[in-house]
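Structure, as structure tokens:
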Amino acid sequence: QVQLVESGGGSVQPGGSLSLSCVASGSTFSINTTAWYRQAPEKERELVASITRNGRSTNYADSVKGRFTISRESAKNVYLQMNNLKPEDTAVYYCNVGTYDSLTYWGQGTQVTVSS
């Protein structure tokens with residue numbers, strides 16, 4: 001199993017920045033991809049960004065392209081740098097990993113609030 005812990009959420013004004021961190025533990029050797037999802041109130045959870053284990057491939061939702069950057073220090077440590085935040089970025093952000101044997105794990109989520 002893989003355990004995930006997110007941190008770095010908080011409140012910021014529009015145009016501000018936040019950096020989220022996801023730390024994995026347990027069977028981290030099995031991690032294939034890591035992703036950030038978010039879920040706003042009364043909306044479905046959506047993919048924000050993803051990165052492969054070797055960091056060579058990334059993917060972003062159109063709504064965050066040019067503003068958010070996903071990066072990794074290792075398979076155990078993945079980050080999401082969020083710049084030029086907008087009120088519509090307000091959501092609970094979840095770290096997610098997919099393993100080589102097609103299992104999925106989720107973190108507990110961290111709240112991001114963008115408001116003036």
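Ligands are numbered from 1 in the order shown, residues from 1 within each chain, and chains are lettered A, B, ... in the order they appear in the structure tokens.
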
Excluding same-chain residues fewer than 5 positions from region 36-46 of chain A, what lies within 6 Å of it counting only C-alpha atoms, as a compact mmCIF listing (two decimals) with N, CA and C atoms, in the first residue's frame?
# COMPACT_ATOMS: atom_id res chain seq x y z
N ALA A 91 -10.77 24.99 -3.97
CA ALA A 91 -11.18 23.58 -3.94
C ALA A 91 -10.35 22.84 -2.90
N VAL A 92 -10.74 21.61 -2.65
CA VAL A 92 -9.87 20.70 -1.91
C VAL A 92 -9.00 19.99 -2.94
N TYR A 93 -7.71 20.03 -2.72
CA TYR A 93 -6.75 19.44 -3.65
C TYR A 93 -6.27 18.10 -3.07
N TYR A 94 -6.32 17.07 -3.92
CA TYR A 94 -5.96 15.72 -3.52
C TYR A 94 -4.76 15.22 -4.32
N CYS A 95 -3.86 14.55 -3.64
CA CYS A 95 -2.78 13.85 -4.30
C CYS A 95 -3.25 12.43 -4.61

At a cut-off of 8 Å, using only C-alpha atoms, what residues contact Lys76 (chain A)? Leave out same-chain residues fewer than 3 positions from it and give the result as a PDB file with C-alpha atoms, in the first residue's frame.
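around_20.pdb written:
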ATOM      1  CA  CYS A  22       2.620  15.364  -1.573  1.00  0.00           C
ATOM      2  CA  VAL A  23       4.761  12.937   0.366  1.00  0.00           C
ATOM      3  CA  ALA A  24       4.358   9.230  -0.274  1.00  0.00           C
ATOM      4  CA  SER A  25       5.331   6.383   2.008  1.00  0.00           C
ATOM      5  CA  THR A  28       6.603   3.738  -3.145  1.00  0.00           C
ATOM      6  CA  GLU A  73      12.000  15.486  -6.285  1.00  0.00           C
TER       7      GLU A  73
END

List the neighbours of region 67-72 of chain A out to 7 Å using only C-alpha atoms; skip same-chain residues closer than 4 positions along the sequence, and give me the result as a ChimeraX atom specification. /A:49-51,55,77-84

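Of the residues listed (A:Ile31, A:Val112, A:Leu47, A:Val64), A:Val112 shows the shortest atom-to-atom separation from Glu6 (chain A); distances use only C-alpha atoms.
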
- If you run DSSP on this backbone, which residues of chain A come out as strand (DSSP E), and could you give them as a ChimeraX atom specification? /A:2-7,10-12,18-26,31-39,46-52,58-60,68-74,77-82,91-99,104-106,110-114

Pairwise distance, CA of Ser11 (chain A) with CA of Gln111 (chain A), equals 8.2 Å

For Pro14 (chain A), the closest of A:Leu85, A:Ala61, A:Val2, A:Ala75 counting only C-alpha atoms is A:Leu85

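CA of Gly26 (chain A) to CA of Gln108 (chain A) spans 15.7 Å [interatomic distance, one decimal].
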
Under the rule that only C-alpha atoms are counted, which of A:Arg53, A:Thr113, A:Thr58, A:Tyr105 is the nearest residue to Gly8 (chain A)?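 Residue with the minimum atom-to-atom distance to Gly8 (chain A): A:Thr113.
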
- Any idea what the distance is between CA of Gly107 (chain A) and CA of Val5 (chain A)?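 CA of Val5 (chain A) lies at a distance of 5.5 Å from CA of Gly107 (chain A).
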
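Of the listed residues (A:Asn32, A:Ser21, A:Gln13, A:Asn54), A:Asn32 comes nearest to Thr104 (chain A); the distances count only C-alpha atoms.
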
Can you work out which one of A:Thr34, A:Ser102, A:Thr52, A:Ser116 has the shortest atom-to-atom distance to Thr90 (chain A), counting only C-alpha atoms?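 Ranked by minimum distance to Thr90 (chain A), first place goes to A:Ser116.
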
**Request:** Enumerate as a ChimeraX atom specification all residues of chain A assigned to helix (DSSP H, G or I) by DSSP on the backbone, naming them with the chain letters and numbers the document uses.
**Result:** /A:28-30,87-89

Go ahead and save the picked residues with C-alpha atoms, as an mmCIF file, in the first residue's frame.
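Result went into selection_21.cif, see below:
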data_model
loop_
_atom_site.group_PDB
_atom_site.id
_atom_site.type_symbol
_atom_site.label_atom_id
_atom_site.label_comp_id
_atom_site.auth_asym_id
_atom_site.auth_seq_id
_atom_site.Cartn_x
_atom_site.Cartn_y
_atom_site.Cartn_z
ATOM 1 C CA THR A 28 6.603 3.738 -3.145
ATOM 2 C CA PHE A 29 8.533 1.447 -5.513
ATOM 3 C CA SER A 30 5.171 0.633 -7.103
ATOM 4 C CA PRO A 87 -11.223 32.333 -7.184
ATOM 5 C CA GLU A 88 -12.267 29.413 -9.385
ATOM 6 C CA ASP A 89 -9.190 27.517 -8.184
#
